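Please read the structure below before turning to the comments.
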Amino acid sequence: MKNSLRIVLLLVLLLVLFIQFKPAKNTIKTIAATIEAPSLINKDSLTIKSRVKTPKGYKRVKYPLGSFQNYLRNYKLKPFGTKIINYDDTEYFWQGGHIGILEIPVPKNGLQQCADALIRIRSEYLWDNDRKDEIGFNFTIGHYCSWKQYAEGYRPKINGNKVSFHKTATKNFSKENFYKYLNLIYMYSGTLSLYNELPKIEDAKNLKIGDMLIKGGSPGHIVMICDEVINNKGEKLFLLFQGNTPAQSVHLVKNLENSKISPWYHLENNIEIPVSNYTFNSSKFVKFK
């Protein structure tokens, strides 16, 4: 009888210990799951390159001074924690997807949306590097409009899908007129025109800074690669920034799918790539000429 009682008491004790141990074990798992990888963010830094550290085992791919790649990598950022602001000075409804705001004004006219922001960045680089004659973009309906043509006084007359250019203004090569030209491009160009106009990148292994992940359409979306690292196996990771609709602050995005390498991204052709508040269902890449 005593032996039976002892066995029963022992079983009860084991059951109590099991009940106590199981939630403790689950708690340990929960705590472990919430521990983030070491931060790759330098919160006190004010450029893309200095804001984000390289992941362990990777090093930055080198580009020459004066190149578009070097220009993007060293783009200036606002202080860490700056919020995304819409063109009408309201705060964007979601502030959880970025780790930096680029030093690019947001025009109050609401025109500088996702593709437009990247058009502006490319155009300002060409302007600042005395390559103004290379500034030009296709309208969505296919007609090419250059800064040089606009500065000479030619303006488009659009009738349905037909465009003709007429000299209706005086010559003006000023920076102020340059931004008026960009507003015209913002109105008649977008992700669809860029997708149709720009060279395609068939193999993601050839991606570099300045190339773009794009979904051409209405609506479509586009983001730009702004930094690049590589390991000794030849594997690459990339940083991305984007404008958005409505027109808002251009921002450096987090990788919300992989906290271990965030904000870096692994990019491949024809795969689903979630970027901040947008998912590219079948990734395609283009580059400026």
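Quick note on naming: the chains in the structure tokens go A, B, ... in the order shown, residues restart at 1 in each chain, and ligands are numbered from 1 in order of appearance.
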
Contact table region 150-254 of chain A vs region 77-96 of chain A, cut-off 8 Å, shortest pair per residue, only C-alpha atoms, as CSV:
residue,atom,partner,partner_atom,distance
A:Pro246,CA,A:Asn86,CA,6.6
A:Ala247,CA,A:Tyr87,CA,5.5
A:Gln248,CA,A:Asn86,CA,4.1
A:Ser249,CA,A:Ile84,CA,5.3
A:Val250,CA,A:Ile84,CA,7.8
A:His251,CA,A:Ile84,CA,7.4

Quick one: write out the picked residues with all heavy atoms as a short mmCIF file (atom, residue, chain, number, x, y, z; two decimals), in the first residue's frame?
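Contents of part_21.cif, as written:
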data_model
loop_
_atom_site.label_atom_id
_atom_site.label_comp_id
_atom_site.auth_asym_id
_atom_site.auth_seq_id
_atom_site.Cartn_x
_atom_site.Cartn_y
_atom_site.Cartn_z
N PRO A 246 1.39 58.51 -52.17
CA PRO A 246 1.57 59.87 -52.68
C PRO A 246 3.04 60.30 -52.62
O PRO A 246 3.84 59.67 -51.92
CB PRO A 246 0.72 60.71 -51.73
CG PRO A 246 0.71 59.94 -50.44
CD PRO A 246 0.70 58.51 -50.85
N ALA A 247 3.35 61.38 -53.34
CA ALA A 247 4.72 61.90 -53.33
C ALA A 247 5.15 62.16 -51.89
O ALA A 247 4.42 62.77 -51.12
CB ALA A 247 4.78 63.18 -54.15
N GLN A 248 6.33 61.69 -51.55
CA GLN A 248 6.77 61.77 -50.15
C GLN A 248 8.29 61.69 -50.07
O GLN A 248 8.98 61.56 -51.09
CB GLN A 248 6.16 60.62 -49.35
CG GLN A 248 6.56 59.26 -49.84
CD GLN A 248 5.83 58.11 -49.15
OE1 GLN A 248 6.45 57.12 -48.80
NE2 GLN A 248 4.53 58.24 -48.97
N SER A 249 8.81 61.76 -48.85
CA SER A 249 10.24 61.68 -48.62
C SER A 249 10.82 60.41 -49.24
O SER A 249 10.27 59.32 -49.08
CB SER A 249 10.53 61.66 -47.11
OG SER A 249 9.86 62.69 -46.43
N VAL A 250 11.94 60.56 -49.94
CA VAL A 250 12.65 59.39 -50.46
C VAL A 250 13.37 58.73 -49.28
O VAL A 250 14.04 59.40 -48.50
CB VAL A 250 13.65 59.79 -51.55
CG1 VAL A 250 14.35 58.57 -52.12
CG2 VAL A 250 12.94 60.57 -52.65
N HIS A 251 13.22 57.42 -49.15
CA HIS A 251 13.72 56.78 -47.93
C HIS A 251 14.43 55.45 -48.20
O HIS A 251 14.13 54.73 -49.14
CB HIS A 251 12.58 56.57 -46.93
CG HIS A 251 11.36 55.92 -47.50
ND1 HIS A 251 10.41 56.62 -48.23
CD2 HIS A 251 10.92 54.63 -47.46
CE1 HIS A 251 9.44 55.80 -48.60
NE2 HIS A 251 9.73 54.59 -48.17
#

task = Using only C-alpha atoms, determine which residues lie at most 7 Å from Leu111 (chain A), disregarding the query and same-chain residues fewer than 5 positions distant; provide the list as a list in words.
result = Asn183, Tyr186, Met187 and Ala247 of chain A

Please produce an output containing N, CA, C and O atoms for each residue in the selection, written as a PDB file, in the first residue's frame.
ATOM      1  N   ASN A 183       9.403  68.644 -63.709  1.00  0.00           N
ATOM      2  CA  ASN A 183       7.968  68.560 -63.440  1.00  0.00           C
ATOM      3  C   ASN A 183       7.206  68.069 -64.666  1.00  0.00           C
ATOM      4  O   ASN A 183       6.233  67.310 -64.549  1.00  0.00           O
ATOM      5  N   TYR A 186       7.796  64.367 -64.849  1.00  0.00           N
ATOM      6  CA  TYR A 186       6.994  63.679 -63.843  1.00  0.00           C
ATOM      7  C   TYR A 186       5.557  63.468 -64.322  1.00  0.00           C
ATOM      8  O   TYR A 186       4.929  62.445 -64.025  1.00  0.00           O
ATOM      9  N   MET A 187       5.036  64.442 -65.043  1.00  0.00           N
ATOM     10  CA  MET A 187       3.652  64.376 -65.505  1.00  0.00           C
ATOM     11  C   MET A 187       3.438  63.302 -66.573  1.00  0.00           C
ATOM     12  O   MET A 187       2.403  62.637 -66.599  1.00  0.00           O
ATOM     13  N   ALA A 247       3.350  61.380 -53.337  1.00  0.00           N
ATOM     14  CA  ALA A 247       4.722  61.900 -53.330  1.00  0.00           C
ATOM     15  C   ALA A 247       5.153  62.160 -51.892  1.00  0.00           C
ATOM     16  O   ALA A 247       4.423  62.767 -51.116  1.00  0.00           O
TER      17      ALA A 247
END

task = Based on DSSP run over this structure's backbone, return all residues of region 176-249 of chain A in helix (DSSP H, G or I), as a ChimeraX atom specification.
result = /A:176-188,191-197,204-206

Those residues with N, CA and C atoms, as a PDB file, in the first residue's frame please?
ATOM      1  N   GLU A 176      16.621  76.703 -62.137  1.00  0.00           N
ATOM      2  CA  GLU A 176      15.188  76.856 -61.882  1.00  0.00           C
ATOM      3  C   GLU A 176      14.368  76.261 -63.034  1.00  0.00           C
ATOM      4  N   ASN A 177      14.798  76.526 -64.273  1.00  0.00           N
ATOM      5  CA  ASN A 177      14.084  75.976 -65.426  1.00  0.00           C
ATOM      6  C   ASN A 177      14.271  74.465 -65.529  1.00  0.00           C
ATOM      7  N   PHE A 178      15.414  73.989 -65.077  1.00  0.00           N
ATOM      8  CA  PHE A 178      15.680  72.551 -65.042  1.00  0.00           C
ATOM      9  C   PHE A 178      14.622  71.825 -64.208  1.00  0.00           C
ATOM     10  N   TYR A 179      14.253  72.400 -63.075  1.00  0.00           N
ATOM     11  CA  TYR A 179      13.248  71.751 -62.235  1.00  0.00           C
ATOM     12  C   TYR A 179      11.851  71.862 -62.841  1.00  0.00           C
ATOM     13  N   LYS A 180      11.608  72.893 -63.638  1.00  0.00           N
ATOM     14  CA  LYS A 180      10.347  72.960 -64.387  1.00  0.00           C
ATOM     15  C   LYS A 180      10.300  71.840 -65.429  1.00  0.00           C
ATOM     16  N   TYR A 181      11.447  71.591 -66.049  1.00  0.00           N
ATOM     17  CA  TYR A 181      11.546  70.477 -66.997  1.00  0.00           C
ATOM     18  C   TYR A 181      11.236  69.151 -66.299  1.00  0.00           C
ATOM     19  N   LEU A 182      11.803  68.949 -65.117  1.00  0.00           N
ATOM     20  CA  LEU A 182      11.553  67.707 -64.397  1.00  0.00           C
ATOM     21  C   LEU A 182      10.079  67.554 -64.048  1.00  0.00           C
ATOM     22  N   ASN A 183       9.403  68.644 -63.709  1.00  0.00           N
ATOM     23  CA  ASN A 183       7.968  68.560 -63.440  1.00  0.00           C
ATOM     24  C   ASN A 183       7.206  68.069 -64.666  1.00  0.00           C
ATOM     25  N   LEU A 184       7.644  68.504 -65.851  1.00  0.00           N
ATOM     26  CA  LEU A 184       7.024  68.029 -67.088  1.00  0.00           C
ATOM     27  C   LEU A 184       7.239  66.528 -67.253  1.00  0.00           C
ATOM     28  N   ILE A 185       8.449  66.069 -66.979  1.00  0.00           N
ATOM     29  CA  ILE A 185       8.760  64.643 -67.073  1.00  0.00           C
ATOM     30  C   ILE A 185       7.925  63.852 -66.064  1.00  0.00           C
ATOM     31  N   TYR A 186       7.796  64.367 -64.849  1.00  0.00           N
ATOM     32  CA  TYR A 186       6.994  63.679 -63.843  1.00  0.00           C
ATOM     33  C   TYR A 186       5.557  63.468 -64.322  1.00  0.00           C
ATOM     34  N   MET A 187       5.036  64.442 -65.043  1.00  0.00           N
ATOM     35  CA  MET A 187       3.652  64.376 -65.505  1.00  0.00           C
ATOM     36  C   MET A 187       3.438  63.302 -66.573  1.00  0.00           C
ATOM     37  N   TYR A 188       4.422  63.123 -67.449  1.00  0.00           N
ATOM     38  CA  TYR A 188       4.202  62.282 -68.624  1.00  0.00           C
ATOM     39  C   TYR A 188       5.072  61.021 -68.664  1.00  0.00           C
ATOM     40  N   THR A 191       6.732  54.540 -64.165  1.00  0.00           N
ATOM     41  CA  THR A 191       7.334  53.203 -64.144  1.00  0.00           C
ATOM     42  C   THR A 191       7.177  52.489 -65.487  1.00  0.00           C
ATOM     43  N   LEU A 192       6.050  52.697 -66.149  1.00  0.00           N
ATOM     44  CA  LEU A 192       5.826  52.013 -67.427  1.00  0.00           C
ATOM     45  C   LEU A 192       6.780  52.523 -68.501  1.00  0.00           C
ATOM     46  N   SER A 193       6.968  53.835 -68.560  1.00  0.00           N
ATOM     47  CA  SER A 193       7.887  54.378 -69.571  1.00  0.00           C
ATOM     48  C   SER A 193       9.324  53.956 -69.280  1.00  0.00           C
ATOM     49  N   LEU A 194       9.716  53.948 -68.003  1.00  0.00           N
ATOM     50  CA  LEU A 194      11.073  53.520 -67.666  1.00  0.00           C
ATOM     51  C   LEU A 194      11.281  52.043 -68.003  1.00  0.00           C
ATOM     52  N   TYR A 195      10.284  51.225 -67.721  1.00  0.00           N
ATOM     53  CA  TYR A 195      10.422  49.800 -68.024  1.00  0.00           C
ATOM     54  C   TYR A 195      10.575  49.566 -69.523  1.00  0.00           C
ATOM     55  N   ASN A 196       9.818  50.312 -70.314  1.00  0.00           N
ATOM     56  CA  ASN A 196       9.888  50.148 -71.768  1.00  0.00           C
ATOM     57  C   ASN A 196      11.140  50.770 -72.370  1.00  0.00           C
ATOM     58  N   GLU A 197      11.637  51.842 -71.733  1.00  0.00           N
ATOM     59  CA  GLU A 197      12.754  52.604 -72.298  1.00  0.00           C
ATOM     60  C   GLU A 197      14.125  52.062 -71.922  1.00  0.00           C
ATOM     61  N   ALA A 204      20.528  38.692 -62.456  1.00  0.00           N
ATOM     62  CA  ALA A 204      20.681  39.470 -61.225  1.00  0.00           C
ATOM     63  C   ALA A 204      22.106  39.444 -60.684  1.00  0.00           C
ATOM     64  N   LYS A 205      22.920  38.479 -61.134  1.00  0.00           N
ATOM     65  CA  LYS A 205      24.317  38.435 -60.699  1.00  0.00           C
ATOM     66  C   LYS A 205      25.098  39.641 -61.211  1.00  0.00           C
ATOM     67  N   ASN A 206      24.548  40.330 -62.218  1.00  0.00           N
ATOM     68  CA  ASN A 206      25.214  41.493 -62.804  1.00  0.00           C
ATOM     69  C   ASN A 206      24.718  42.812 -62.216  1.00  0.00           C
TER      70      ASN A 206
END

task = Pick out the closest residue to Asn269 (chain A) from this set: A:Glu228, A:Asp133, A:Asp203, A:Glu257. Count only C-alpha atoms.
result =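 The closest residue to Asn269 (chain A) is A:Asp203.
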
query = Counting only C-alpha atoms, which of A:Leu237, A:Asn244, A:Lys254, A:Ile141 gets nearest to Val106 (chain A)?
reply =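 Ranked by minimum distance to Val106 (chain A), first place goes to A:Asn244.
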
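Across the model, the gap from CA of Ile222 (chain A) to CA of Asn270 (chain A) is 14.9 Å.
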
Polymer residues at most 8 Å from Asp211 (chain A), only C-alpha atoms, same-chain spacing of 6 or more positions, as an mmCIF file with N, CA and C atoms, in the first residue's frame:
data_model
loop_
_atom_site.group_PDB
_atom_site.id
_atom_site.type_symbol
_atom_site.label_atom_id
_atom_site.label_comp_id
_atom_site.auth_asym_id
_atom_site.auth_seq_id
_atom_site.Cartn_x
_atom_site.Cartn_y
_atom_site.Cartn_z
ATOM 1 N N MET A 224 15.552 51.717 -56.141
ATOM 2 C CA MET A 224 16.907 51.803 -56.677
ATOM 3 C C MET A 224 17.920 51.210 -55.710
ATOM 4 N N ILE A 225 18.892 50.475 -56.262
ATOM 5 C CA ILE A 225 20.014 49.971 -55.472
ATOM 6 C C ILE A 225 20.962 51.124 -55.163
ATOM 7 N N PHE A 285 14.612 43.802 -63.476
ATOM 8 C CA PHE A 285 15.591 44.853 -63.211
ATOM 9 C C PHE A 285 15.920 45.636 -64.476
ATOM 10 N N VAL A 286 16.143 46.940 -64.298
ATOM 11 C CA VAL A 286 16.548 47.809 -65.406
ATOM 12 C C VAL A 286 17.689 48.710 -64.923
ATOM 13 N N LYS A 287 18.335 49.399 -65.878
ATOM 14 C CA LYS A 287 19.416 50.304 -65.530
ATOM 15 C C LYS A 287 19.359 51.530 -66.435
ATOM 16 N N PHE A 288 19.883 52.640 -65.948
ATOM 17 C CA PHE A 288 19.978 53.828 -66.787
ATOM 18 C C PHE A 288 21.060 53.616 -67.843
#

task = Could you please write out, as a list in words, every residue of region 102-143 of chain A that DSSP assigns to strand (DSSP E or B)?
result =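 Residues of region 102-143 of chain A classed as strand (DSSP E or B): Leu102, Gly136, Phe137 and Asn138 of chain A.
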
Dump as JSON lines the rows for residues of region 67-102 of chain A within 10 Å of region 119-130 of chain A: closest atom pair and distance in Å with one decimal, only C-alpha atoms counted, ordered by chain and rising residue number.
{"residue": "A:Ser67", "atom": "CA", "partner": "A:Tyr125", "partner_atom": "CA", "distance": 9.2}
{"residue": "A:Phe68", "atom": "CA", "partner": "A:Tyr125", "partner_atom": "CA", "distance": 7.0}
{"residue": "A:Tyr71", "atom": "CA", "partner": "A:Tyr125", "partner_atom": "CA", "distance": 7.5}
{"residue": "A:Leu72", "atom": "CA", "partner": "A:Ile121", "partner_atom": "CA", "distance": 8.7}
{"residue": "A:Tyr75", "atom": "CA", "partner": "A:Ile121", "partner_atom": "CA", "distance": 9.9}

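Minimum distance to Thr54 (chain A) across A:Asn42, A:Ser283, A:Thr170, A:Asn109 (counting only C-alpha atoms) occurs at A:Asn42.
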
Enumerate, in order of chain and increasing residue number, the residues of region 94-212 of chain A with an atom no farther than 9 Å from region 43-53 of chain A, each with its shortest atom pair and distance in Å to one decimal, counting only C-alpha atoms, as JSON lines.
{"residue": "A:Ile99", "atom": "CA", "partner": "A:Arg51", "partner_atom": "CA", "distance": 8.7}
{"residue": "A:Gly100", "atom": "CA", "partner": "A:Ile48", "partner_atom": "CA", "distance": 8.0}
{"residue": "A:Leu102", "atom": "CA", "partner": "A:Thr47", "partner_atom": "CA", "distance": 8.5}

Output the selection as a PDB file, in the first residue's frame - all heavy atoms for each residue.
ATOM      1  N   ILE A  99      14.931  53.223 -42.579  1.00  0.00           N
ATOM      2  CA  ILE A  99      15.998  53.495 -41.600  1.00  0.00           C
ATOM      3  C   ILE A  99      16.756  54.773 -41.973  1.00  0.00           C
ATOM      4  O   ILE A  99      17.813  55.053 -41.418  1.00  0.00           O
ATOM      5  CB  ILE A  99      16.970  52.299 -41.449  1.00  0.00           C
ATOM      6  CG1 ILE A  99      17.556  51.855 -42.791  1.00  0.00           C
ATOM      7  CG2 ILE A  99      16.277  51.125 -40.805  1.00  0.00           C
ATOM      8  CD1 ILE A  99      18.849  52.470 -43.136  1.00  0.00           C
ATOM      9  N   GLY A 100      16.209  55.534 -42.899  1.00  0.00           N
ATOM     10  CA  GLY A 100      16.856  56.788 -43.278  1.00  0.00           C
ATOM     11  C   GLY A 100      16.044  57.548 -44.313  1.00  0.00           C
ATOM     12  O   GLY A 100      15.369  56.944 -45.141  1.00  0.00           O
ATOM     13  N   LEU A 102      16.447  60.434 -47.299  1.00  0.00           N
ATOM     14  CA  LEU A 102      17.425  61.122 -48.136  1.00  0.00           C
ATOM     15  C   LEU A 102      17.160  62.623 -48.155  1.00  0.00           C
ATOM     16  O   LEU A 102      16.015  63.067 -48.032  1.00  0.00           O
ATOM     17  CB  LEU A 102      17.384  60.577 -49.569  1.00  0.00           C
ATOM     18  CG  LEU A 102      18.158  59.281 -49.821  1.00  0.00           C
ATOM     19  CD1 LEU A 102      17.544  58.094 -49.091  1.00  0.00           C
ATOM     20  CD2 LEU A 102      18.242  58.982 -51.311  1.00  0.00           C
TER      21      LEU A 102
END

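Using only C-alpha atoms, the nearest neighbour of Leu239 (chain A) within the list A:Leu65, A:Ile214, A:Ala151, A:Leu207 is A:Leu207.
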
task = Write out as a list in words which residues come within 12 Å of Arg155 (chain A) when counting only C-alpha atoms, dropping same-chain ones fewer than 6 positions away.
result =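 What passes the distance filter is Tyr144, Cys145, Ser146, Trp147, Lys148, Gln149, Val163, Ser164, Phe165, His166, Lys167, Thr168, Ala169, Thr170, Lys171, Lys180, Tyr181, Leu184 and Ile185 of chain A.
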